[in-house]
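> Have a look at this one before I ask anything.
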Amino acid sequence: MTSDESITFEQQSFLVADCGSTNTAAALFDVVEGSYRLIARAIVPTTTGRPWFDVSQGVRQAIQQIVEITGRQLFYEHGVLITPQRADGSGVDHFTVVISAAAPLETLLVGLFEDVSLASARRAIRGTYAREVQQFSLADNLTEQERVIAIMQNPPELIFLVGGTDGGADKRLLRLVEAVDVGLEMLTDSHRPSVLYAGNRTLQQQVQTILADKEMVYIAANVRPTLEIEQTAEAAQVIDTLYRDLKIRTMPGIRSLLEWSGQSVMPTAQAFAAGIRYLSVMQEGPVLGVDLGSDSLTLVAADVQDVKLSVRSDWGMGRPLANLLNQVEPEAVGGWLSFEMEAADIRDFIVNKSLFPQTIPATETELLLEQAIVREMLHCAALETLADWRWSALPLMKMIVVRGSTFANTPRLGQVALMVLDALQPTGIFALALDRYGILPGLGAAAAQNPLLPVQALNASSLVHLGHVIAPAGTASPGRKVMHITVESEEGRRLLEDERAFGTLDVLPLETGQMVTVTVQPQRGFDIGLGSGKGTTMTFPIGSGGLMIDARGRPLRLPKDEIARHTLIRQWLMDMGR
Amino acid sequence: MQTEMTIVQRMVQIRRERLLPIAGEVIAIEGQEVSPVQVVARTPRDSDYQIIPASDQLQLDPATLTEYLQVEPGAAIETGTVLLEKRGFPRSKKLTSPVSGLFLGARNGRLILRQSPEWIELRAMFRGRVVRIVANRGVELEANGSLVEAVWGSGKEAYGNIKLATRTADAPLTSDMLSSETSNQVLVVGHLNDAELFAQAEKNDVRGIVAGSIRADLLSAAEAAPFPVLVTDGVGKQRMAAPIFQLFLQAEKAEATLFGQSSRKQRPEIIIPLSGTAPSAPRSTGPLAVGQHVRVLRSPHRNEVGEVVRLYERARTTAVLSPTHGADIQLPDGNITFVPLVNLDLLI
């Protein structure tokens with residue numbers, strides 16, 4: 001048997017690249033002592049903009065940094081990636097790419113009613129990187145001529161037609177389709193958008209007849225077959241395929257990445273969802289993932305049965321950041337600060353950051369301001385997403401994982417934890433983790449080739465485990481007892497027995513990695529997910545941030561008095577290790 | 001590692017495409033010297049289309065509409081031309097054209113007309129020479145002169161002579177600076193902090209404003225102004241970077257063109273054609289190097305321009321304890337400070 005034949009499926013090496021809109025990361029995984037480990041990781045600016053206009057340049061630069069870190073040769077002399085791995089240890093067996101650097105698919109929504117079909121259409125486009133540029137509806141007050149001219153003047157990349165419940169015979173939808181057809185007719189082929197119809201099934205044939213001479217017309221199941229039922233999956237699948245075909249596959253430089261990979265390139269959001277799904281299987285419970293990118297914000301909730309995904313191309317810490325000012329006043333951001341700042345200065349800062357998305361804070365004031373922005377944006381996005389998912393509140397999670405350069409560049413892990421606790425206000429007993437190395441989407445995508453990779457790499461501390469949090473739901477007056485806590489070591493030694501009063505937040509400074517058994521007994525009126533006043537005992541390892549006990553109650557209430565609020569927020573920062 | 005970069009060039013060869021938004025007719029010819037006002041291409045305006053819901057108006061089946069057409073697709077029509085007629089008893093049905101122009105055809109029960117075109121005329125906008133024709137779309141122009149890239153633009157374009165309304169790089173535009181003397185001028189100012197001045201500038205026929213910075217809540221007013229507003233350095237209260245202000249100071253009274261549009265590939269920019277020879281436009285300069293001039297993009301030295309004096313191979317810790325790659329920058333006051341690479345903007 002040759003040495004090549006001895007290589008088993010489990011031992012193959014993986015190089016994963018993640019091309020974000022601001023940064024491109026590459027990570028090398030290989031088997032060490034029988035298990036997959038993160039060998040090296042590099043991050044460089046993304047090269048989709050000038051002077052390169054070539055996404056592969058950033059990937060090459062990141063891989064070259066890995067070559068320099070590891071000394072492992074990954075390129076042939078002519079600059080092509082060495083695959084598969086050679087006997088001398090150079091090259092890699094698999095190369096996987098995930099991308100969020102492509103611009104979102106610009107989409108015109110056409111439907112009948114804002115609260116029905118259009119709301120469902122909006123949820124469908126949130127399955128991938130798409131951006132609503134305009135909508136036509138019965139309530140838009142536009143004339144037919146204005147609709148036609150709007151399509152001609154600003155042709156979208158996708159026209160998404162929805163409306164009507166199955167079996168109805170609403171001619172108003174057909175009139176909208178006819179207007180769209182007239183607009184399409186006036187465009188040259190190169191500017192003509194794709195069309196997706198996911199409305200009243202009864203009208204499908206008539207819609208196809210109206211658009212008969214148009215290419216790129218797709219039909220999907222009605223997103224709203226009845227008023228009570230929503231089914232967006234099929235339409236979302238078509239939109240995702242269009243995003244891959246129209247946006248990813250047309251990116252300058254993508255061809256060489258496809259050749260190296262031999263696989264299709266997966267959008268980062270889908271890959272992140274796959275990674276979160278793996279984590280939920282490993283955790284044997286629901287996991288929430290938050291990817292706060294520069295040009296998008298992705299939320300994923302996964303358990304063994306189901307994965308929910310929401311991609312918001314209108315949110316993000318980069319260019320879309322200025323959109324936050326369309327949702328909230330600057331004072332709402334200022335409400336998360338531990339110091340006074342003029343609303344005008346907050347507004348200026350937000351717009352400036354959107355102009356220079358790659359920049360990072362270099363002063364304490366700007367660091368805390370960016371963290372305040374994260375809290376407000378994530379809070380708003382979470383509220384909208386929970387409504388999209390038809391959840392009245394965030395359900396109990398076994399783990400919450402966050403990623404994105406804003407979190408990864410946060411100097412203190414306690415600050416990351418506090419941003420998540422403030423913004424999402426989760427309850428129960430759960431673990432917090434940070435994908436500091438930006439590898440989770442790559443692992444999710446590579447799992448298709450080797451499912452052992454994500455399982456072993458994630459078990460091997462590729463994520464930064466911030467620690468477990470105990471956060472009961474409920475409210476009371478400050479100082480009232482919320483719960484009784486006992487912490488014991490693996491050997492049964494009592495490490496702590498104490499009570500926590502309402503309004504407190506603290507971290508128990510236990511040794512990282514130590515297994516502990518925690519018994520929590522909430523008071524009546526407080527709930528850690530088992531019912532009011534019902535307690536539990538759990539065993540888990542202590543994360544880098546210790547054991548966090550958040551007795552501030554839910555929903556979180558901040559004092560209206562400015563000085564009191566500043567003092568409290570400053571105290572929370574201190575409690576979490578600033 | 002490469003950083004952001006901004007072109008601030010006193011004398012450089014500039015090539016820019018001037019293209020129609022949709023296909024049209026190119027008027028200029030290769031090699032032609034053009035002035036800013038010269039039309040290089042034109043196309044009919046989109047908004048001059050008329051969509052007539054003929055089936056609805058005459059109660060006709062859309063499928064049979066073409067049987068009653070009185071004009072052929074592509075035919076010239078006048079106001080009152082009979083487009084469609086169905087003879088019958090007790091009365092005939094007839095539809096006449098509300099406009100003069102072209103009858104384009106019938107679709108889905110609608111008649112599509114294009115009015116006698118008012119043309120979108122694409123002007124050269126800066127003095128230069130046509131070096132390439134882009135079929136049906138426009139031209140590529142070449143000129144020598146100054147080029148300054150901005151960070152924000154209001155979307156419009158215009159040209160005029162440069163006038164430094166403020167004599168310092170941080171002073172705001174004020175009401176007393178606007179008068180008949182600013183008519184047809186491109187005003188260069190340190191800062192914009194008063195939305196009402198846009199209306200006053202319009203009254204005084206200001207052609208455009210270039211500001212170092214602008215208050216964020218003025219951006220909508222700037223976009224609504226009938227002239228372009230370009231911001232060179234950022235939002236908030238900050239001075240115009242010294243090299244940029246100096247360039248405008250030296251170019252005072254010269255003709256400048258402001259392009260306020262921006263996209264992922266193109267930033268807003270100011271072009272000042274000048275006579276004389278010039279090197280080609282700067283391109284990628286490779287990784288940041290010692291001796292290069294950079295603008296700092298974040299506090300505490302935001303908008304100061306300094307020189308790279310040392311680059312670090314390994315990540316260093318910033319004042320907020322984040323490890324990051326960066327460089328030592330010598331600031332104008334002589335102090336040397338460590339700045340993350342991502343917070344630097346290379347001026348080329």
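In the structure tokens, each chain is lettered A, B, ... as it comes, each chain's residues begin at 1, and ligands are numbered from 1 in order of appearance.
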Residues of chain B within 6 Å of chain A, counting only C-alpha atoms - could you list those as a list in words?
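Per the criterion, chain B yields Ile51, Asn108, Ala216, Val235, Gly236, Ser284, Val320, Leu321, Ser322, Val342 and Asn343 of chain B.
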> Given the selection you just returned, output its residues as a file containing N, CA and C atoms, formatted as a PDB file, in the first residue's frame.

ATOM      1  N   ILE B  51     -48.252  55.414 -21.470  1.00  0.00           N
ATOM      2  CA  ILE B  51     -48.892  54.102 -21.484  1.00  0.00           C
ATOM      3  C   ILE B  51     -50.398  54.353 -21.421  1.00  0.00           C
ATOM      4  N   ASN B 108     -50.494  43.816 -23.746  1.00  0.00           N
ATOM      5  CA  ASN B 108     -51.380  43.569 -22.600  1.00  0.00           C
ATOM      6  C   ASN B 108     -52.534  44.564 -22.540  1.00  0.00           C
ATOM      7  N   ALA B 216     -23.994  65.519   9.694  1.00  0.00           N
ATOM      8  CA  ALA B 216     -24.767  64.405   9.126  1.00  0.00           C
ATOM      9  C   ALA B 216     -26.212  64.799   8.838  1.00  0.00           C
ATOM     10  N   VAL B 235     -17.789  63.182   7.746  1.00  0.00           N
ATOM     11  CA  VAL B 235     -18.992  63.757   8.330  1.00  0.00           C
ATOM     12  C   VAL B 235     -18.703  64.147   9.775  1.00  0.00           C
ATOM     13  N   GLY B 236     -19.286  65.271  10.181  1.00  0.00           N
ATOM     14  CA  GLY B 236     -19.007  65.796  11.514  1.00  0.00           C
ATOM     15  C   GLY B 236     -18.268  67.105  11.377  1.00  0.00           C
ATOM     16  N   SER B 284      -2.583  51.022  -8.230  1.00  0.00           N
ATOM     17  CA  SER B 284      -2.208  50.310  -7.015  1.00  0.00           C
ATOM     18  C   SER B 284      -0.738  50.559  -6.699  1.00  0.00           C
ATOM     19  N   VAL B 320      -6.937  51.023  23.051  1.00  0.00           N
ATOM     20  CA  VAL B 320      -8.092  50.338  23.653  1.00  0.00           C
ATOM     21  C   VAL B 320      -7.827  48.840  23.791  1.00  0.00           C
ATOM     22  N   LEU B 321      -6.564  48.467  23.650  1.00  0.00           N
ATOM     23  CA  LEU B 321      -6.092  47.100  23.905  1.00  0.00           C
ATOM     24  C   LEU B 321      -6.489  46.091  22.827  1.00  0.00           C
ATOM     25  N   SER B 322      -6.824  46.572  21.623  1.00  0.00           N
ATOM     26  CA  SER B 322      -7.075  45.639  20.522  1.00  0.00           C
ATOM     27  C   SER B 322      -5.766  45.365  19.797  1.00  0.00           C
ATOM     28  N   VAL B 342      -5.936  49.753   9.241  1.00  0.00           N
ATOM     29  CA  VAL B 342      -7.299  49.941   8.728  1.00  0.00           C
ATOM     30  C   VAL B 342      -7.817  51.356   8.982  1.00  0.00           C
ATOM     31  N   ASN B 343      -7.139  52.104   9.823  1.00  0.00           N
ATOM     32  CA  ASN B 343      -7.554  53.485  10.088  1.00  0.00           C
ATOM     33  C   ASN B 343      -6.742  54.483   9.278  1.00  0.00           C
TER      34      ASN B 343
END
> Could you pull out all residues of region 8-232 of chain B with a DSSP call of strand (DSSP E or B) and give them as an NGL selection string?
:B and (8-19 or 25-26 or 33-34 or 39-44 or 49-52 or 69 or 76-77 or 82-86 or 93-96 or 101-107 or 110-115 or 119-123 or 128-134 or 138-149 or 152-153 or 157-164 or 172 or 185-192 or 208-214 or 229-232)
> Using Å and a single decimal, report how far CA of Asp306 (chain A) sits from CA of Asn200 (chain A).
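Calculated distance between CA of Asn200 (chain A) and CA of Asp306 (chain A) is 26.7 Å.
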> Residues at most 7 Å from Leu346 (chain B), counting only C-alpha atoms, excluding those fewer than 6 positions away in the same chain, as a count of residues only?
7
> So that I can check the secondary structure, give me every residue of region 257-322 of chain A assigned alpha helix (DSSP H) by backbone DSSP, as JSON, numbers by chain.
{"A": [257, 258, 259, 260, 261, 268, 269, 270, 271, 272, 273, 274, 275, 276, 277, 278, 279, 280, 281, 282, 283]}
> I need the residues from that last selection saved to file as a short mmCIF file (atom, residue, chain, number, x, y, z; two decimals), in the first residue's frame (with C-alpha atoms), if you can.

data_model
loop_
_atom_site.label_atom_id
_atom_site.label_comp_id
_atom_site.auth_asym_id
_atom_site.auth_seq_id
_atom_site.Cartn_x
_atom_site.Cartn_y
_atom_site.Cartn_z
CA LEU A 257 -11.57 30.22 -6.76
CA LEU A 258 -14.13 27.91 -8.34
CA GLU A 259 -11.38 26.05 -10.18
CA TRP A 260 -9.36 25.60 -7.00
CA SER A 261 -12.40 24.48 -5.08
CA THR A 268 -21.72 32.95 3.89
CA ALA A 269 -25.18 33.17 5.44
CA GLN A 270 -26.11 29.66 4.30
CA ALA A 271 -22.74 28.33 5.39
CA PHE A 272 -23.13 30.04 8.78
CA ALA A 273 -26.57 28.44 9.12
CA ALA A 274 -25.01 25.05 8.39
CA GLY A 275 -22.35 25.70 11.03
CA ILE A 276 -24.95 26.69 13.61
CA ARG A 277 -26.93 23.58 12.75
CA TYR A 278 -23.85 21.48 13.52
CA LEU A 279 -23.45 23.24 16.83
CA SER A 280 -27.07 22.57 17.73
CA VAL A 281 -26.55 18.88 17.06
CA MET A 282 -23.39 18.89 19.18
CA GLN A 283 -25.10 20.85 21.96
#
> So that I can check the surroundings of region 463-477 of chain A, please list as an NGL selection string every protein, DNA and RNA residue that reaches within 7 Å of it, counting only C-alpha atoms and ignoring chain neighbours fewer than 3 positions away.
:A and (413 or 427-436 or 458 or 480 or 502 or 525-528 or 542-551 or 553-554)
> Please indicate the distance in Å from CA of Leu122 (chain B) to CA of Glu181 (chain B), rounded to one decimal place.
28.4 Å
> Show me, as a ChimeraX atom specification, the residues that have an atom within 6 Å of Val189 (chain B) when counting only C-alpha atoms, minus same-chain residues fewer than 6 positions from it.
/B:165-166,173,211
> I'd like the contact shell of region 222-226 of chain B - 8 Å cut-off, only C-alpha atoms, skipping same-chain residues fewer than 2 positions apart - returned as a list in words.
Ser154, Gly155, Lys156, Ala195, Phe198, Ala199, Glu202, Leu218, Leu219, Ser220, Pro228 and Val229 of chain B
> Determine, counting only C-alpha atoms, which protein, DNA and RNA residues have an atom within 7 Å of an atom of Val231 (chain B); residues of the same chain fewer than 5 positions away are not included. Present the result as an NGL selection string.
:B and (150-153 or 210-214)
> Write the residues of the selection above to a file with N, CA and C atoms, as an mmCIF file, in the first residue's frame.

data_model
loop_
_atom_site.group_PDB
_atom_site.id
_atom_site.type_symbol
_atom_site.label_atom_id
_atom_site.label_comp_id
_atom_site.auth_asym_id
_atom_site.auth_seq_id
_atom_site.Cartn_x
_atom_site.Cartn_y
_atom_site.Cartn_z
ATOM 1 N N ALA B 150 -13.328 62.560 -3.384
ATOM 2 C CA ALA B 150 -14.082 62.921 -2.187
ATOM 3 C C ALA B 150 -14.579 61.646 -1.501
ATOM 4 N N VAL B 151 -15.117 61.805 -0.305
ATOM 5 C CA VAL B 151 -15.655 60.636 0.401
ATOM 6 C C VAL B 151 -17.174 60.565 0.310
ATOM 7 N N TRP B 152 -17.797 61.676 -0.037
ATOM 8 C CA TRP B 152 -19.257 61.683 -0.169
ATOM 9 C C TRP B 152 -19.639 62.702 -1.233
ATOM 10 N N GLY B 153 -20.678 62.385 -1.994
ATOM 11 C CA GLY B 153 -21.177 63.304 -3.001
ATOM 12 C C GLY B 153 -22.687 63.282 -3.036
ATOM 13 N N VAL B 210 -17.613 72.357 -2.407
ATOM 14 C CA VAL B 210 -16.704 71.310 -1.931
ATOM 15 C C VAL B 210 -16.376 71.650 -0.481
ATOM 16 N N ALA B 211 -16.698 70.730 0.417
ATOM 17 C CA ALA B 211 -16.466 70.985 1.844
ATOM 18 C C ALA B 211 -15.572 69.901 2.424
ATOM 19 N N GLY B 212 -14.777 70.284 3.393
ATOM 20 C CA GLY B 212 -13.985 69.279 4.103
ATOM 21 C C GLY B 212 -14.888 68.325 4.864
ATOM 22 N N SER B 213 -15.917 68.896 5.510
ATOM 23 C CA SER B 213 -16.836 68.062 6.278
ATOM 24 C C SER B 213 -18.218 68.688 6.276
ATOM 25 N N ILE B 214 -19.177 67.887 6.706
ATOM 26 C CA ILE B 214 -20.567 68.334 6.756
ATOM 27 C C ILE B 214 -21.238 67.658 7.944
#
